[in-house]
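Next up, entry29.cif (mmCIF, N, CA and C atoms and all ligand atoms):
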data_my_file
loop_
_atom_site.label_atom_id
_atom_site.label_comp_id
_atom_site.auth_asym_id
_atom_site.auth_seq_id
_atom_site.Cartn_x
_atom_site.Cartn_y
_atom_site.Cartn_z
N MET A 29 -15.16 -18.86 -2.82
CA MET A 29 -14.39 -18.09 -3.79
C MET A 29 -13.34 -17.25 -3.06
N LYS A 30 -12.27 -16.93 -3.78
CA LYS A 30 -11.18 -16.18 -3.18
C LYS A 30 -10.92 -14.90 -3.97
N GLN A 31 -10.75 -13.83 -3.23
CA GLN A 31 -10.39 -12.55 -3.86
C GLN A 31 -9.00 -12.16 -3.42
N ILE A 32 -8.26 -11.57 -4.31
CA ILE A 32 -6.94 -11.06 -3.93
C ILE A 32 -6.91 -9.56 -4.21
N HIS A 33 -6.61 -8.81 -3.17
CA HIS A 33 -6.38 -7.38 -3.32
C HIS A 33 -4.87 -7.17 -3.29
N ARG A 34 -4.41 -6.23 -4.08
CA ARG A 34 -2.97 -6.05 -4.16
C ARG A 34 -2.56 -4.61 -3.92
N LEU A 35 -1.44 -4.50 -3.27
CA LEU A 35 -0.79 -3.20 -3.12
C LEU A 35 0.50 -3.28 -3.91
N PHE A 36 0.63 -2.44 -4.93
CA PHE A 36 1.86 -2.39 -5.71
C PHE A 36 2.67 -1.21 -5.21
N VAL A 37 3.84 -1.49 -4.68
CA VAL A 37 4.69 -0.45 -4.09
C VAL A 37 5.90 -0.23 -4.98
N CYS A 38 6.10 1.00 -5.40
CA CYS A 38 7.26 1.33 -6.23
C CYS A 38 8.54 1.18 -5.42
N THR A 39 9.50 0.49 -6.01
CA THR A 39 10.81 0.35 -5.36
C THR A 39 11.91 0.91 -6.26
N ALA A 40 11.53 1.85 -7.13
CA ALA A 40 12.50 2.39 -8.09
C ALA A 40 13.28 3.58 -7.56
N GLN A 41 12.99 4.04 -6.34
CA GLN A 41 13.75 5.18 -5.80
C GLN A 41 15.17 4.73 -5.46
N LYS A 42 16.11 5.68 -5.55
CA LYS A 42 17.48 5.34 -5.18
C LYS A 42 17.61 5.11 -3.69
N SER A 43 16.76 5.75 -2.90
CA SER A 43 16.87 5.63 -1.44
C SER A 43 16.52 4.23 -0.93
N GLY A 44 15.74 3.49 -1.71
CA GLY A 44 15.33 2.15 -1.27
C GLY A 44 14.20 2.16 -0.27
N VAL A 45 13.58 3.30 -0.05
CA VAL A 45 12.51 3.39 0.94
C VAL A 45 11.32 2.49 0.59
N GLY A 46 11.11 2.25 -0.70
CA GLY A 46 9.98 1.41 -1.11
C GLY A 46 10.06 0.00 -0.52
N LYS A 47 11.29 -0.53 -0.46
CA LYS A 47 11.45 -1.88 0.10
C LYS A 47 11.12 -1.89 1.59
N ASP A 48 11.48 -0.82 2.28
CA ASP A 48 11.15 -0.72 3.70
C ASP A 48 9.64 -0.54 3.90
N VAL A 49 9.01 0.17 2.96
CA VAL A 49 7.55 0.34 3.03
C VAL A 49 6.86 -1.01 2.84
N VAL A 50 7.36 -1.80 1.89
CA VAL A 50 6.79 -3.14 1.66
C VAL A 50 6.87 -3.98 2.94
N LYS A 51 8.05 -3.99 3.55
CA LYS A 51 8.22 -4.78 4.79
C LYS A 51 7.27 -4.29 5.88
N ALA A 52 7.15 -2.98 6.03
CA ALA A 52 6.29 -2.41 7.07
C ALA A 52 4.82 -2.72 6.80
N LEU A 53 4.40 -2.66 5.54
CA LEU A 53 3.00 -2.96 5.21
C LEU A 53 2.68 -4.44 5.48
N LYS A 54 3.58 -5.32 5.08
CA LYS A 54 3.36 -6.76 5.33
C LYS A 54 3.26 -7.03 6.83
N LYS A 55 4.15 -6.41 7.59
CA LYS A 55 4.15 -6.60 9.03
C LYS A 55 2.85 -6.09 9.64
N GLU A 56 2.40 -4.93 9.20
CA GLU A 56 1.18 -4.35 9.75
C GLU A 56 -0.06 -5.16 9.38
N LEU A 57 -0.11 -5.66 8.15
CA LEU A 57 -1.27 -6.46 7.74
C LEU A 57 -1.40 -7.69 8.64
N LYS A 58 -0.27 -8.32 8.95
CA LYS A 58 -0.32 -9.48 9.85
C LYS A 58 -0.65 -9.03 11.27
N HIS A 59 0.01 -7.99 11.73
CA HIS A 59 -0.19 -7.50 13.09
C HIS A 59 -1.65 -7.13 13.33
N GLN A 60 -2.28 -6.50 12.34
CA GLN A 60 -3.68 -6.07 12.48
C GLN A 60 -4.66 -7.17 12.05
N GLY A 61 -4.12 -8.33 11.66
CA GLY A 61 -4.97 -9.48 11.29
C GLY A 61 -5.78 -9.24 10.03
N LEU A 62 -5.26 -8.42 9.12
CA LEU A 62 -6.03 -8.06 7.92
C LEU A 62 -5.47 -8.67 6.64
N HIS A 63 -4.38 -9.44 6.73
CA HIS A 63 -3.79 -10.01 5.51
C HIS A 63 -4.69 -11.06 4.87
N LYS A 64 -5.56 -11.66 5.68
CA LYS A 64 -6.50 -12.66 5.17
C LYS A 64 -7.79 -12.51 5.97
N GLN A 65 -8.89 -12.24 5.29
CA GLN A 65 -10.15 -12.00 5.98
C GLN A 65 -11.26 -12.82 5.32
N GLU A 66 -12.31 -13.06 6.08
CA GLU A 66 -13.53 -13.65 5.53
C GLU A 66 -14.55 -12.53 5.41
N VAL A 67 -15.00 -12.26 4.19
CA VAL A 67 -15.98 -11.21 3.96
C VAL A 67 -17.15 -11.81 3.19
N ASN A 68 -18.32 -11.85 3.83
CA ASN A 68 -19.52 -12.42 3.21
C ASN A 68 -19.26 -13.82 2.65
N GLY A 69 -18.55 -14.64 3.41
CA GLY A 69 -18.29 -16.01 3.00
C GLY A 69 -17.15 -16.17 2.02
N GLU A 70 -16.52 -15.09 1.63
CA GLU A 70 -15.40 -15.15 0.70
C GLU A 70 -14.09 -14.87 1.42
N THR A 71 -13.06 -15.54 1.00
CA THR A 71 -11.74 -15.27 1.54
C THR A 71 -11.11 -14.13 0.74
N VAL A 72 -10.70 -13.10 1.46
CA VAL A 72 -10.04 -11.96 0.83
C VAL A 72 -8.62 -11.91 1.35
N ARG A 73 -7.67 -12.03 0.44
CA ARG A 73 -6.25 -11.94 0.80
C ARG A 73 -5.70 -10.63 0.28
N ILE A 74 -4.81 -10.06 1.02
CA ILE A 74 -4.15 -8.82 0.59
C ILE A 74 -2.68 -9.11 0.40
N GLN A 75 -2.21 -8.86 -0.80
CA GLN A 75 -0.80 -9.10 -1.11
C GLN A 75 -0.10 -7.78 -1.36
N VAL A 76 1.09 -7.66 -0.81
CA VAL A 76 1.91 -6.48 -1.03
C VAL A 76 3.02 -6.88 -1.99
N GLN A 77 3.12 -6.17 -3.09
CA GLN A 77 4.11 -6.53 -4.11
C GLN A 77 4.96 -5.34 -4.49
N THR A 78 6.20 -5.61 -4.82
CA THR A 78 7.07 -4.56 -5.32
C THR A 78 6.81 -4.37 -6.80
N CYS A 79 7.11 -3.18 -7.28
CA CYS A 79 7.01 -2.94 -8.71
C CYS A 79 7.96 -1.82 -9.09
N ASP A 80 8.11 -1.62 -10.38
CA ASP A 80 8.96 -0.53 -10.88
C ASP A 80 8.15 0.77 -10.86
N CYS A 81 8.69 1.77 -11.48
CA CYS A 81 8.09 3.11 -11.47
C CYS A 81 6.61 3.08 -11.87
N LEU A 82 5.80 3.76 -11.06
CA LEU A 82 4.36 3.83 -11.30
C LEU A 82 3.96 5.14 -11.99
N ASP A 83 4.95 5.89 -12.42
CA ASP A 83 4.69 7.20 -13.03
C ASP A 83 4.02 8.15 -12.04
N LEU A 84 4.43 8.02 -10.79
CA LEU A 84 3.97 8.93 -9.73
C LEU A 84 5.20 9.55 -9.06
N CYS A 85 6.24 9.77 -9.87
CA CYS A 85 7.56 10.15 -9.33
C CYS A 85 7.54 11.42 -8.50
N LYS A 86 6.64 12.34 -8.82
CA LYS A 86 6.55 13.58 -8.04
C LYS A 86 6.27 13.26 -6.57
N ASN A 87 5.58 12.15 -6.35
CA ASN A 87 5.23 11.74 -4.99
C ASN A 87 5.96 10.48 -4.57
N CYS A 88 7.13 10.30 -5.18
CA CYS A 88 7.91 9.09 -4.87
C CYS A 88 9.38 9.47 -4.82
N LYS A 89 10.09 9.28 -5.90
CA LYS A 89 11.54 9.50 -5.83
C LYS A 89 11.91 10.96 -5.62
N LYS A 90 11.00 11.88 -5.88
CA LYS A 90 11.29 13.30 -5.65
C LYS A 90 10.90 13.74 -4.24
N GLY A 91 10.37 12.81 -3.46
CA GLY A 91 10.00 13.11 -2.08
C GLY A 91 10.67 12.13 -1.15
N PRO A 92 10.22 12.11 0.10
CA PRO A 92 10.88 11.25 1.08
C PRO A 92 10.43 9.78 1.06
N GLY A 93 9.26 9.52 0.47
CA GLY A 93 8.68 8.17 0.60
C GLY A 93 8.47 7.49 -0.73
N ALA A 94 7.59 6.50 -0.73
CA ALA A 94 7.30 5.70 -1.92
C ALA A 94 5.86 5.92 -2.38
N ALA A 95 5.65 5.68 -3.67
CA ALA A 95 4.29 5.71 -4.21
C ALA A 95 3.76 4.28 -4.26
N LEU A 96 2.45 4.15 -4.12
CA LEU A 96 1.84 2.82 -4.24
C LEU A 96 0.43 2.93 -4.77
N ILE A 97 -0.05 1.84 -5.34
CA ILE A 97 -1.42 1.78 -5.84
C ILE A 97 -2.10 0.56 -5.23
N ALA A 98 -3.31 0.76 -4.73
CA ALA A 98 -4.11 -0.32 -4.16
C ALA A 98 -5.15 -0.76 -5.19
N TYR A 99 -5.15 -2.06 -5.49
CA TYR A 99 -6.14 -2.63 -6.40
C TYR A 99 -6.98 -3.64 -5.65
N PRO A 100 -8.27 -3.76 -5.97
CA PRO A 100 -8.91 -3.27 -7.19
C PRO A 100 -9.43 -1.84 -7.12
N GLU A 101 -9.24 -1.17 -6.00
CA GLU A 101 -9.82 0.17 -5.86
C GLU A 101 -9.13 1.20 -6.75
N ALA A 102 -7.88 0.93 -7.16
CA ALA A 102 -7.08 1.87 -7.95
C ALA A 102 -6.88 3.19 -7.22
N VAL A 103 -6.68 3.12 -5.92
CA VAL A 103 -6.38 4.31 -5.12
C VAL A 103 -4.87 4.48 -5.09
N THR A 104 -4.41 5.69 -5.35
CA THR A 104 -2.97 5.95 -5.36
C THR A 104 -2.57 6.73 -4.11
N TYR A 105 -1.45 6.32 -3.54
CA TYR A 105 -0.89 7.01 -2.38
C TYR A 105 0.54 7.42 -2.73
N GLY A 106 0.98 8.52 -2.13
CA GLY A 106 2.33 8.99 -2.41
C GLY A 106 3.08 9.41 -1.17
N ASN A 107 4.40 9.45 -1.30
CA ASN A 107 5.27 9.84 -0.19
C ASN A 107 5.02 9.00 1.06
N VAL A 108 4.76 7.72 0.85
CA VAL A 108 4.47 6.82 1.98
C VAL A 108 5.79 6.38 2.62
N LEU A 109 5.84 6.55 3.91
CA LEU A 109 7.01 6.13 4.70
C LEU A 109 6.69 4.85 5.47
N PRO A 110 7.70 4.12 5.89
CA PRO A 110 7.42 2.92 6.69
C PRO A 110 6.58 3.24 7.93
N THR A 111 6.75 4.42 8.48
CA THR A 111 5.99 4.81 9.68
C THR A 111 4.52 5.09 9.38
N ASP A 112 4.15 5.18 8.10
CA ASP A 112 2.75 5.38 7.72
C ASP A 112 2.00 4.05 7.58
N ALA A 113 2.71 2.94 7.63
CA ALA A 113 2.10 1.63 7.33
C ALA A 113 0.92 1.31 8.25
N ALA A 114 1.06 1.56 9.53
CA ALA A 114 -0.02 1.21 10.48
C ALA A 114 -1.29 1.99 10.16
N ALA A 115 -1.16 3.29 9.92
CA ALA A 115 -2.34 4.11 9.62
C ALA A 115 -2.94 3.74 8.28
N LEU A 116 -2.09 3.47 7.29
CA LEU A 116 -2.61 3.13 5.96
C LEU A 116 -3.37 1.80 6.00
N VAL A 117 -2.80 0.81 6.66
CA VAL A 117 -3.45 -0.50 6.75
C VAL A 117 -4.77 -0.38 7.53
N ALA A 118 -4.74 0.32 8.65
CA ALA A 118 -5.95 0.45 9.48
C ALA A 118 -7.06 1.17 8.73
N GLU A 119 -6.72 2.25 8.04
CA GLU A 119 -7.74 3.05 7.37
C GLU A 119 -8.22 2.38 6.09
N HIS A 120 -7.28 1.98 5.24
CA HIS A 120 -7.66 1.45 3.92
C HIS A 120 -8.28 0.05 4.02
N PHE A 121 -7.64 -0.83 4.79
CA PHE A 121 -8.12 -2.21 4.84
C PHE A 121 -8.99 -2.50 6.07
N GLY A 122 -8.74 -1.80 7.15
CA GLY A 122 -9.55 -2.03 8.35
C GLY A 122 -10.90 -1.35 8.28
N ARG A 123 -10.89 -0.07 7.92
CA ARG A 123 -12.14 0.70 7.86
C ARG A 123 -12.70 0.82 6.45
N GLY A 124 -11.91 0.44 5.45
CA GLY A 124 -12.38 0.54 4.07
C GLY A 124 -12.47 1.99 3.60
N GLN A 125 -11.66 2.87 4.17
CA GLN A 125 -11.66 4.29 3.82
C GLN A 125 -10.30 4.66 3.22
N VAL A 126 -10.32 5.68 2.42
CA VAL A 126 -9.06 6.19 1.88
C VAL A 126 -8.34 7.00 2.95
N LEU A 127 -7.04 6.80 3.07
CA LEU A 127 -6.24 7.61 4.00
C LEU A 127 -5.91 8.91 3.27
N LYS A 128 -6.71 9.93 3.53
CA LYS A 128 -6.68 11.14 2.71
C LYS A 128 -5.35 11.87 2.74
N ARG A 129 -4.66 11.87 3.86
CA ARG A 129 -3.43 12.67 3.92
C ARG A 129 -2.32 12.13 3.01
N LEU A 130 -2.41 10.88 2.56
CA LEU A 130 -1.39 10.31 1.67
C LEU A 130 -1.90 10.08 0.25
N ARG A 131 -3.18 10.34 0.02
CA ARG A 131 -3.73 10.08 -1.30
C ARG A 131 -3.21 11.09 -2.31
N VAL A 132 -2.88 10.62 -3.48
CA VAL A 132 -2.50 11.50 -4.57
C VAL A 132 -3.30 11.12 -5.81
N GLU A 133 -3.48 12.08 -6.67
CA GLU A 133 -4.19 11.82 -7.93
C GLU A 133 -3.19 11.45 -8.99
N LYS A 134 -3.50 10.45 -9.76
CA LYS A 134 -2.58 10.02 -10.84
C LYS A 134 -2.72 10.95 -12.02
S1 LIG B 201 10.19 6.25 -9.08
FE1 LIG B 201 8.48 5.64 -7.87
S2 LIG B 201 6.78 6.25 -9.07
FE2 LIG B 201 8.47 6.76 -10.31
#

In structure tokens, how does this file's structure come out?
Amino acid sequence: MKQIHRLFVCTAQKSGVGKDVVKALKKELKHQGLHKQEVNGETVRIQVQTCDCLDLCKNCKKGPGAALIAYPEAVTYGNVLPTDAAALVAEHFGRGQVLKRLRVEK
């Protein structure tokens, strides 16, 4: 069986930082070997997708970075910069922990 986990990254900011965050997250997932994993005999793929406004604007277009939501966990992150991609991927997908410094409540 195959599972797909998704990261929806808002790209509605005028700055365009969300698109850079998407590129950085995809690069880090591959670099850290986490874009496709075998977990208990199941293939788990992680897809990074762009999306429109997530209604987290306080932590997105009003700040320096982008907002994103990780599913199926429904964890929300805000003000994410491309330079945060390595830490976010390592903590959220590598260790299975929430990266607390970027977590925001919806
Ligand atoms: S503009 Fe990104 S969450 Fe609203």

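Here the question is which of A:Ile97, A:Cys81, A:Val67, A:Leu62 gets nearest to A:Arg34 using only C-alpha atoms, and that residue is A:Ile97.
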
Which parts of stretch 29-112 of chain A does DSSP call alpha helix (DSSP H) when run on the backbone here, written out as a list in words?
->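 For stretch 29-112 of chain A, the alpha helix (DSSP H) set is Val45, Gly46, Lys47, Asp48, Val49, Val50, Lys51, Ala52, Leu53, Lys54, Lys55, Glu56, Leu57, Lys58 and His59 of chain A.
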
Could you check which of A:Glu119, A:Glu133, A:Asp48, A:Asp83 is closest to ligand LIG 201 (chain B), using only N, CA and C atoms and all ligand atoms?
-> A:Asp83

Atom CA of A:Ala113 and atom N of A:Lys54, how far apart in Å?
-> 7.5 Å

Could you pull out the residues in stretch 87-133 of chain A that DSSP calls strand (DSSP E or B) from the backbone, as an MDAnalysis selection string?
-> chainID A and resid 94:99 103:108 131

Where's the centre, and what are the edge lengths in Å to one decimal, of a box along x, y and z enclosing all listed atoms of ligand LIG 201 (chain B) padded 8 Å per side, as JSON?
{"center_x": 8.5, "center_y": 6.2, "center_z": -9.1, "size_x": 19.4, "size_y": 17.1, "size_z": 18.4}

Using all atoms listed in the file, find each residue in chain A having at least one atom no more than 6.5 Å away from ligand LIG 201 (chain B); report its shortest atom-to-atom pair and that distance in Å (one decimal), rows by chain then rising number, as JSON lines.
{"residue": "A:Cys38", "atom": "CA", "partner": "B:LIG201", "partner_atom": "FE1", "distance": 4.8}
{"residue": "A:Thr39", "atom": "N", "partner": "B:LIG201", "partner_atom": "FE1", "distance": 5.6}
{"residue": "A:Ala40", "atom": "C", "partner": "B:LIG201", "partner_atom": "S1", "distance": 4.4}
{"residue": "A:Gln41", "atom": "N", "partner": "B:LIG201", "partner_atom": "S1", "distance": 4.5}
{"residue": "A:Asp80", "atom": "C", "partner": "B:LIG201", "partner_atom": "FE1", "distance": 5.7}
{"residue": "A:Cys81", "atom": "CA", "partner": "B:LIG201", "partner_atom": "FE2", "distance": 3.8}
{"residue": "A:Leu82", "atom": "N", "partner": "B:LIG201", "partner_atom": "S2", "distance": 3.3}
{"residue": "A:Asp83", "atom": "N", "partner": "B:LIG201", "partner_atom": "S2", "distance": 3.8}
{"residue": "A:Leu84", "atom": "N", "partner": "B:LIG201", "partner_atom": "S2", "distance": 3.4}
{"residue": "A:Cys85", "atom": "CA", "partner": "B:LIG201", "partner_atom": "FE2", "distance": 3.6}
{"residue": "A:Lys86", "atom": "N", "partner": "B:LIG201", "partner_atom": "FE2", "distance": 6.1}
{"residue": "A:Asn87", "atom": "C", "partner": "B:LIG201", "partner_atom": "S2", "distance": 6.2}
{"residue": "A:Cys88", "atom": "CA", "partner": "B:LIG201", "partner_atom": "FE1", "distance": 4.6}
{"residue": "A:Lys89", "atom": "N", "partner": "B:LIG201", "partner_atom": "S1", "distance": 4.4}
{"residue": "A:Ala94", "atom": "CA", "partner": "B:LIG201", "partner_atom": "FE1", "distance": 6.1}
{"residue": "A:Ala95", "atom": "N", "partner": "B:LIG201", "partner_atom": "FE1", "distance": 5.1}

Point out the residue among A:Gln31, A:Cys79, A:Ser43, A:Val49 with the least atom-to-atom distance to A:Gln65, counting only C-alpha atoms.
->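 Checking each candidate against A:Gln65, we get A:Gln31 as the closest.
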
Excluding same-chain residues fewer than 2 positions from A:Ile74, what lies within 6 Å of it counting only C-alpha atoms, as number ranges by chain?
-> A: 32-34, 63
